[in-house]
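Asker: I'd like to ask you about the structure that follows.
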Amino acid sequence: MNSDAAVSYTLGELAERLDARLIGDADLRVSGLSTLTDAGPGDLAFLANRAYLKYLAGTGAGAVLVHPAHGEACPCPRLELDNPYLGYAKLSHLFDPLNNRPRQAVHSTATVSPSAAVGERVEIGANCVIEAGVEIGDDCVIGPGCVIGADTVVGAGSRLHANVTVYHGVTIGKRAILHSGSVIGGDGFGFAHDGKQWEKIAQLGGVSLGDDVEVGSCSSIDRGALGDTLIGSGVKIDSQVQIAHNVQIGDHSALAGCVGIAGSTKVGRHCLLGGGVGLSGHLTLTDGVQVTGMSLVTNSILEPGVYSSGTGSMSNSQWRKNAVRFKQLDEIAKRLHRLERDMRDT
Amino acid sequence: MNSDAAVSYTLGELAERLDARLIGDADLRVSGLSTLTDAGPGDLAFLANRAYLKYLAGTGAGAVLVHPAHGEACPCPRLELDNPYLGYAKLSHLFDPLNNRPRQAVHSTATVSPSAAVGERVEIGANCVIEAGVEIGDDCVIGPGCVIGADTVVGAGSRLHANVTVYHGVTIGKRAILHSGSVIGGDGFGFAHDGKQWEKIAQLGGVSLGDDVEVGSCSSIDRGALGDTLIGSGVKIDSQVQIAHNVQIGDHSALAGCVGIAGSTKVGRHCLLGGGVGLSGHLTLTDGVQVTGMSLVTNSILEPGVYSSGTGSMSNSQWRKNAVRFKQLDEIAKRLHRLERDMRDT
Amino acid sequence: MNSDAAVSYTLGELAERLDARLIGDADLRVSGLSTLTDAGPGDLAFLANRAYLKYLAGTGAGAVLVHPAHGEACPCPRLELDNPYLGYAKLSHLFDPLNNRPRQAVHSTATVSPSAAVGERVEIGANCVIEAGVEIGDDCVIGPGCVIGADTVVGAGSRLHANVTVYHGVTIGKRAILHSGSVIGGDGFGFAHDGKQWEKIAQLGGVSLGDDVEVGSCSSIDRGALGDTLIGSGVKIDSQVQIAHNVQIGDHSALAGCVGIAGSTKVGRHCLLGGGVGLSGHLTLTDGVQVTGMSLVTNSILEPGVYSSGTGSMSNSQWRKNAVRFKQLDEIAKRLHRLERDMRDT
């Protein structure tokens, strides 16, 4: 019923790929990846978190990826390496059915401009629209229903899943992964007010994504007003994220779901923004800043570290009492101050 | 000008459908549903909220759905039943033009894999792409521009509105409603860090939706890393919602707009998440938990009840004073403690 | 390589368009818009913010848009007018490649119902689906992959970018701009509970957008339950915004990214909602209300002004201490009150 051919690998092959130490039968084949508790005899499991060590001895896995320190406790063949989680990440792609499908060519229903330059081994799905002057590098996969606007460049080895929209004049680096529903290069939110109403400002800049960028489902990255919105290399963007015009994100930063970044804000390298975080416009966050989930940042952050805002959740009845007091907080502080003064004076 | 044929029903037909008590002419026809204040003589109105009782006597409706306790006050024919709001819900579908259109077949521009199994009376819109191994149950409507990835199963009686994207390996139960722009099965946000940069973890799980699930416009439900993201039966998901990999939502829970749920969190049955609520990852919310709008939950909730976080809104000038004090709150508490001690000592 | 023909304008032409005072050579041509610091000799720059005055003397621009008060400091030809930012907005459209492309007709792969009424000079992109009874006014551009549902009306001069979805029975005014991934007219989130599960309420209303409305990428505006969701003229909506059923937005209001508005809430004219703002359902915000970013509003606001909620961000270690105290806030207030009483009594 399943349209994918099953894949399998010997432990010897996998050990070689990871440069891992194999203890066990090099010819044993595994055809899936799984957790210690769910794995069966045809699966490779992994132990990457000490909290799951208790499941190691009882695992039904055919083999396990494990740190050398835990190798002895392993009831089955094992691949030992220093970072089993990274090893799992690397091997995971071998088991992805998307990577094991025969590559298609350009679908007959796709509309590809004669002036587009399409590289070697490029798959272009049904109903795609590739406009004039587009360049698509080698080995790209463009899913069904994607629209790529004029003069946009898509780097080699990129995958656009179905129904992605990329506007004109966008530059996407190599090995990008853009998920369905994402939109790159829509207009930034720029208007001048004439005293009565809003006059639209044409957004004349573009968007530039570095290499190895991933953008999640339904996320949007707006084009610059003048000059480009810039996303560095290795940046990972989750689903439902909004990045406004002329934002800059430094290399290797990661933005969790539902993050929103207002115009012209600069986020440094190796930053982590938790889910739902909001950054006001025209800020600077230095390298290595982490912001916890749903925090709002309204001032620049010039020191690396972890930042937060908000209040913890509690029962609604408890919360109501405290939230009322929040509105009296300045008054409370002043009363406390008076009391301290009175106390000193007595 | 309107392309829909008008529909109308007799009060007798409607009473029978709802098992309601009819007081009035069974042959009277109504051709629309409306509120008490907007209804005209061809409309059926309803009284479902005591706050609107004052409008009952003066309604221009041709007939009214009403609780027996308010029947006497009704100036027109009426259908009496214990839950008029539920009655309105049930009848509303009769007046939906989407349900009164002749069903189309498979559009000539759709691309349907020869290995897809398409049921009886299925409508597949223009430019749809149905990949290899897909199964579509009887009586489904797949709107224009939808893409359904390989080996995905769509249960009987489901409706995908235009431009929905469902990735490969997703299971959708019966009678699902997926709104435009929604994306089911995009990659979860999973990466291992190699010390310098992010290594993507292929997301090898799928998504499983129970029966009678609705997903709003532009919402995304990500596929599991290993194992499926699980959405129970009867779960209702509003627009702009993000559900991360390996989340589990129990049956009959409802998630309002802009909710975001981080990876591996389990939400119980019959939960209600208000608009913009955020749940951190790896939490458990037991059955019957309600979280009010825009609250952030960072710890598991093991008791049913209503939970909240945040502060109420106020004028910006008032807020500024209080928000400054929030940053001094720990210090304020300590000063208060000292003062209490000093007071005891005097 | 670039598929757009270069455009250029003489300063004389631009002065006439803006009714600006030209000081310099009327025949000088400019072919781009830029900032003072980035502009080259072929560019027109602008000074709209006093903070950039320091860059005026050193600009490499060919000409500058400037307030008369700063004209003297200008090292190059200039266009003087009272609101240079508005002037920049107006001129920006001249340099937008989208406005300088030859208009296409109806693409051969579009599916246009014979009962649709399509105006003059309308471009309909590849794979568009225009359903029965649709009316599209003159000079519209409908991008590739758009789906417009039955009986919907699109006003003259509107532009739908690629992959926009508009449901049936929606009315869009003149000169609308809808960005990719936006969805107009999906179902509102309406259900009746039957004691065990949710019964869907068909959403029988529509959506009505006034003239000159812009909707950003991946934003959704849901159709009304009964009666329409109403968006006034001149309303500007950014990306990732959710507007629920039967919401009303007054003319010329602007909603920044990630705003969410719950059902039946009425926002006045000339309101400004910052990024990520949430409005509960059934509220009224009067004209001229501004709400700062990520604030939650749960009560109606009847006075114009600026409103806020939340706490400022701080380091996580500082925040943890204060957030714990927030949960004790009611108790702190009571202890303070007791202390004040004791103090008076001593």
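How things are named: the first chain in the structure tokens is A, the next is B, and so on; residues count from 1 in each chain; ligands count from 1 in the order shown.
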Give me the residues within 6 Å of Val277 in chain C as a PDB file with N, CA and C atoms, in the first residue's frame, counting only C-alpha atoms and dropping any in the same chain fewer than 2 places off.
Answerer:
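Okay, out35.pdb is ready:
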ATOM      1  N   VAL C 259      -1.412  40.444  15.045  1.00  0.00           N
ATOM      2  CA  VAL C 259      -2.590  40.832  15.833  1.00  0.00           C
ATOM      3  C   VAL C 259      -3.648  39.739  15.720  1.00  0.00           C
ATOM      4  N   GLY C 274      -0.664  47.579  17.851  1.00  0.00           N
ATOM      5  CA  GLY C 274       0.729  47.166  17.707  1.00  0.00           C
ATOM      6  C   GLY C 274       0.851  45.669  17.456  1.00  0.00           C
ATOM      7  N   GLY C 275       2.049  45.247  17.114  1.00  0.00           N
ATOM      8  CA  GLY C 275       2.282  43.841  16.774  1.00  0.00           C
ATOM      9  C   GLY C 275       1.892  42.900  17.895  1.00  0.00           C
ATOM     10  N   GLY C 293       2.335  47.041  21.563  1.00  0.00           N
ATOM     11  CA  GLY C 293       2.624  45.678  21.131  1.00  0.00           C
ATOM     12  C   GLY C 293       2.402  44.613  22.195  1.00  0.00           C
ATOM     13  N   MET C 294       1.782  43.530  21.782  1.00  0.00           N
ATOM     14  CA  MET C 294       1.568  42.335  22.592  1.00  0.00           C
ATOM     15  C   MET C 294       0.701  42.574  23.824  1.00  0.00           C
ATOM     16  N   SER C 295      -0.039  43.664  23.839  1.00  0.00           N
ATOM     17  CA  SER C 295      -0.997  43.861  24.932  1.00  0.00           C
ATOM     18  C   SER C 295      -2.250  43.040  24.671  1.00  0.00           C
ATOM     19  N   LEU C 296      -2.851  42.585  25.759  1.00  0.00           N
ATOM     20  CA  LEU C 296      -4.141  41.905  25.689  1.00  0.00           C
ATOM     21  C   LEU C 296      -5.203  42.849  26.226  1.00  0.00           C
TER      22      LEU C 296
END
Asker: Write out as CSV the residues of chain B that have any atom within 7 Å of an atom of chain A, one row each with the nearest atom pair and its distance in Å to one decimal, counting only C-alpha atoms, sorted by chain and then rising number.
Answerer:
residue,atom,partner,partner_atom,distance
B:Asn127,CA,A:Asn127,CA,6.7
B:Ala132,CA,A:Ser3,CA,6.2
B:Gly133,CA,A:Ser3,CA,5.5
B:Val147,CA,A:Ala162,CA,6.8
B:Asp151,CA,A:Asn2,CA,6.1
B:Thr165,CA,A:Ser180,CA,6.7
B:Gly181,CA,A:Gly181,CA,6.3
B:Val183,CA,A:Ser180,CA,6.5
B:Gly186,CA,A:Ser217,CA,6.1
B:Phe189,CA,A:Asp238,CA,5.9
B:Ala192,CA,A:Leu86,CA,5.4
B:His193,CA,A:Leu86,CA,7.0
B:Asp194,CA,A:Leu86,CA,6.6
B:Gln197,CA,A:His252,CA,5.9
B:Trp198,CA,A:Gly234,CA,6.9
B:Glu199,CA,A:Ala89,CA,6.5
B:Lys200,CA,A:Ala89,CA,6.2
B:Ile201,CA,A:Ala89,CA,4.4
B:Ala202,CA,A:Ser92,CA,5.2
B:Leu204,CA,A:Asp96,CA,6.1
B:Cys218,CA,A:Cys218,CA,6.4
B:Ser220,CA,A:Ser217,CA,6.4
B:Leu226,CA,A:Ser34,CA,6.3
B:Gln242,CA,A:Gln240,CA,6.6
B:Gly260,CA,A:Cys258,CA,6.8
B:Ser295,CA,A:Ser313,CA,6.7
B:Leu296,CA,A:Ser313,CA,6.2
B:Val297,CA,A:Ser313,CA,5.6
B:Val306,CA,A:Asn316,CA,5.3
B:Tyr307,CA,A:Ser315,CA,4.2
B:Ser308,CA,A:Asn316,CA,5.1
B:Ser309,CA,A:Ser313,CA,4.2
B:Gly310,CA,A:Thr311,CA,5.3
B:Thr311,CA,A:Ala323,CA,5.3
B:Gly312,CA,A:Ala323,CA,6.3
B:Lys321,CA,A:Asp330,CA,5.8
B:Asn322,CA,A:Asp330,CA,5.0
B:Arg325,CA,A:Asp330,CA,5.9
B:Ile332,CA,A:Ala333,CA,6.9
B:Leu339,CA,A:Glu340,CA,6.9
Asker: Those selected residues, please, written with N, CA, C and O atoms and delivered as a compact mmCIF listing (two decimals), in the first residue's frame.
Answerer:
# COMPACT_ATOMS: atom_id res chain seq x y z
N ASN B 127 -6.60 22.02 -10.49
CA ASN B 127 -5.20 22.15 -10.09
C ASN B 127 -4.84 21.41 -8.80
O ASN B 127 -3.78 21.68 -8.23
N ALA B 132 1.02 9.78 -5.08
CA ALA B 132 0.95 8.31 -5.11
C ALA B 132 0.49 7.74 -3.78
O ALA B 132 0.88 8.20 -2.71
N GLY B 133 -0.37 6.74 -3.85
CA GLY B 133 -0.75 6.00 -2.66
C GLY B 133 -1.75 6.70 -1.77
O GLY B 133 -2.09 6.19 -0.70
N VAL B 147 -2.94 20.26 -2.32
CA VAL B 147 -1.91 19.26 -2.60
C VAL B 147 -1.94 18.24 -1.47
O VAL B 147 -1.87 18.61 -0.29
N ASP B 151 0.71 8.77 0.14
CA ASP B 151 0.31 7.83 1.18
C ASP B 151 -0.54 8.44 2.26
O ASP B 151 -0.78 7.80 3.30
N THR B 165 -2.67 22.38 2.11
CA THR B 165 -1.55 21.48 1.83
C THR B 165 -1.47 20.41 2.90
O THR B 165 -1.36 20.73 4.09
N GLY B 181 -5.23 27.54 3.25
CA GLY B 181 -3.96 27.99 3.79
C GLY B 181 -3.46 27.13 4.92
O GLY B 181 -2.33 27.33 5.38
N VAL B 183 -1.85 23.93 6.78
CA VAL B 183 -0.78 23.02 6.37
C VAL B 183 -0.67 21.90 7.41
O VAL B 183 -0.41 22.17 8.58
N GLY B 186 3.85 19.56 7.89
CA GLY B 186 5.16 20.16 7.68
C GLY B 186 6.13 19.68 8.75
O GLY B 186 5.72 19.14 9.79
N PHE B 189 10.14 21.26 14.30
CA PHE B 189 11.33 22.11 14.42
C PHE B 189 12.35 21.36 15.24
O PHE B 189 12.45 21.54 16.46
N ALA B 192 19.79 19.21 15.92
CA ALA B 192 20.85 18.96 16.91
C ALA B 192 21.94 19.99 16.66
O ALA B 192 22.18 20.39 15.52
N HIS B 193 22.57 20.43 17.73
CA HIS B 193 23.62 21.44 17.57
C HIS B 193 24.96 20.73 17.61
O HIS B 193 25.23 19.92 18.50
N ASP B 194 25.80 21.02 16.65
CA ASP B 194 27.08 20.32 16.59
C ASP B 194 28.21 21.15 17.22
O ASP B 194 29.38 20.85 17.04
N GLN B 197 26.80 24.80 14.56
CA GLN B 197 25.59 25.10 13.81
C GLN B 197 24.56 24.00 14.00
O GLN B 197 24.80 23.01 14.69
N TRP B 198 23.39 24.21 13.42
CA TRP B 198 22.27 23.31 13.59
C TRP B 198 22.28 22.23 12.52
O TRP B 198 22.38 22.53 11.34
N GLU B 199 22.15 21.00 12.97
CA GLU B 199 22.01 19.86 12.05
C GLU B 199 20.54 19.44 12.07
O GLU B 199 19.99 19.08 13.11
N LYS B 200 19.92 19.49 10.91
CA LYS B 200 18.48 19.16 10.85
C LYS B 200 18.24 17.70 11.20
O LYS B 200 19.00 16.82 10.78
N ILE B 201 17.17 17.47 11.94
CA ILE B 201 16.70 16.10 12.20
C ILE B 201 15.50 15.85 11.29
O ILE B 201 14.49 16.55 11.39
N ALA B 202 15.63 14.89 10.42
CA ALA B 202 14.49 14.56 9.55
C ALA B 202 13.29 14.20 10.42
O ALA B 202 13.43 13.48 11.42
N LEU B 204 10.43 12.11 10.85
CA LEU B 204 10.02 10.84 10.25
C LEU B 204 8.63 10.40 10.66
O LEU B 204 8.10 9.43 10.11
N CYS B 218 -4.94 29.06 7.59
CA CYS B 218 -3.54 29.40 7.87
C CYS B 218 -3.01 28.76 9.15
O CYS B 218 -2.02 29.26 9.70
N SER B 220 -1.21 25.54 11.19
CA SER B 220 -0.23 24.52 10.82
C SER B 220 -0.12 23.47 11.92
O SER B 220 -0.09 23.80 13.11
N LEU B 226 9.59 11.39 15.53
CA LEU B 226 9.44 9.92 15.47
C LEU B 226 8.07 9.68 16.08
O LEU B 226 7.79 10.16 17.17
N GLN B 242 -0.63 27.17 15.73
CA GLN B 242 0.57 26.38 15.45
C GLN B 242 0.65 25.22 16.44
O GLN B 242 0.67 25.43 17.66
N GLY B 260 -0.39 28.69 20.21
CA GLY B 260 0.85 28.01 19.83
C GLY B 260 1.21 26.97 20.88
O GLY B 260 1.25 27.27 22.07
N SER B 295 -2.47 33.70 27.71
CA SER B 295 -1.67 33.20 28.83
C SER B 295 -0.57 32.30 28.32
O SER B 295 -0.73 31.58 27.33
N LEU B 296 0.55 32.33 29.04
CA LEU B 296 1.65 31.41 28.76
C LEU B 296 1.69 30.37 29.87
O LEU B 296 1.72 30.73 31.05
N VAL B 297 1.71 29.12 29.51
CA VAL B 297 1.77 28.04 30.49
C VAL B 297 3.12 27.35 30.35
O VAL B 297 3.45 26.86 29.26
N VAL B 306 -9.63 26.77 35.58
CA VAL B 306 -9.31 27.88 34.69
C VAL B 306 -7.99 28.49 35.11
O VAL B 306 -7.78 28.76 36.31
N TYR B 307 -7.12 28.73 34.15
CA TYR B 307 -5.77 29.23 34.43
C TYR B 307 -5.47 30.46 33.58
O TYR B 307 -5.99 30.58 32.46
N SER B 308 -4.62 31.32 34.10
CA SER B 308 -4.34 32.59 33.45
C SER B 308 -2.92 33.05 33.74
O SER B 308 -2.33 32.65 34.73
N SER B 309 -2.42 33.91 32.91
CA SER B 309 -1.22 34.67 33.25
C SER B 309 -1.36 36.05 32.64
O SER B 309 -2.34 36.35 31.97
N GLY B 310 -0.37 36.91 32.89
CA GLY B 310 -0.39 38.25 32.29
C GLY B 310 -0.92 39.30 33.23
O GLY B 310 -1.13 39.07 34.41
N THR B 311 -1.09 40.48 32.69
CA THR B 311 -1.63 41.61 33.46
C THR B 311 -2.76 42.20 32.65
O THR B 311 -2.78 42.07 31.43
N GLY B 312 -3.70 42.82 33.31
CA GLY B 312 -4.77 43.46 32.54
C GLY B 312 -4.24 44.69 31.82
O GLY B 312 -3.19 45.23 32.17
N LYS B 321 4.10 53.29 34.84
CA LYS B 321 4.46 53.38 36.26
C LYS B 321 4.48 52.01 36.92
O LYS B 321 5.36 51.69 37.71
N ASN B 322 3.48 51.21 36.59
CA ASN B 322 3.37 49.91 37.24
C ASN B 322 4.40 48.93 36.71
O ASN B 322 4.95 48.12 37.46
N ARG B 325 7.59 49.31 38.39
CA ARG B 325 7.56 48.72 39.73
C ARG B 325 7.66 47.20 39.69
O ARG B 325 8.17 46.58 40.62
N ILE B 332 10.76 45.12 46.56
CA ILE B 332 9.62 45.63 47.33
C ILE B 332 9.19 44.60 48.38
O ILE B 332 8.95 44.93 49.55
N LEU B 339 10.28 45.58 57.05
CA LEU B 339 9.43 46.52 57.78
C LEU B 339 8.56 45.77 58.79
O LEU B 339 8.40 46.20 59.94
Asker: Neighbouring residues of Val66 in chain A were defined as those with any atom within 7 Å, considering only C-alpha atoms; residues of the same chain fewer than 4 positions away were excluded. Please report them as a PyMOL selection string.
Answerer: chain A and resi 46-47+70-71+78-81+84
Asker: From a DSSP pass on the backbone, collect the residues of range 12-212 of chain C flagged as strand (DSSP E or B) and hand them back as a PyMOL selection string.
Answerer: chain C and resi 21-23+29-30+32-34+43-46+63-66+78-80+106+111-112+117-118+123-124+129-130+135-136+141-142+147-148+153-154+159-160+165-166+170-172+177-178+183-186+191-193+198-200+207-209
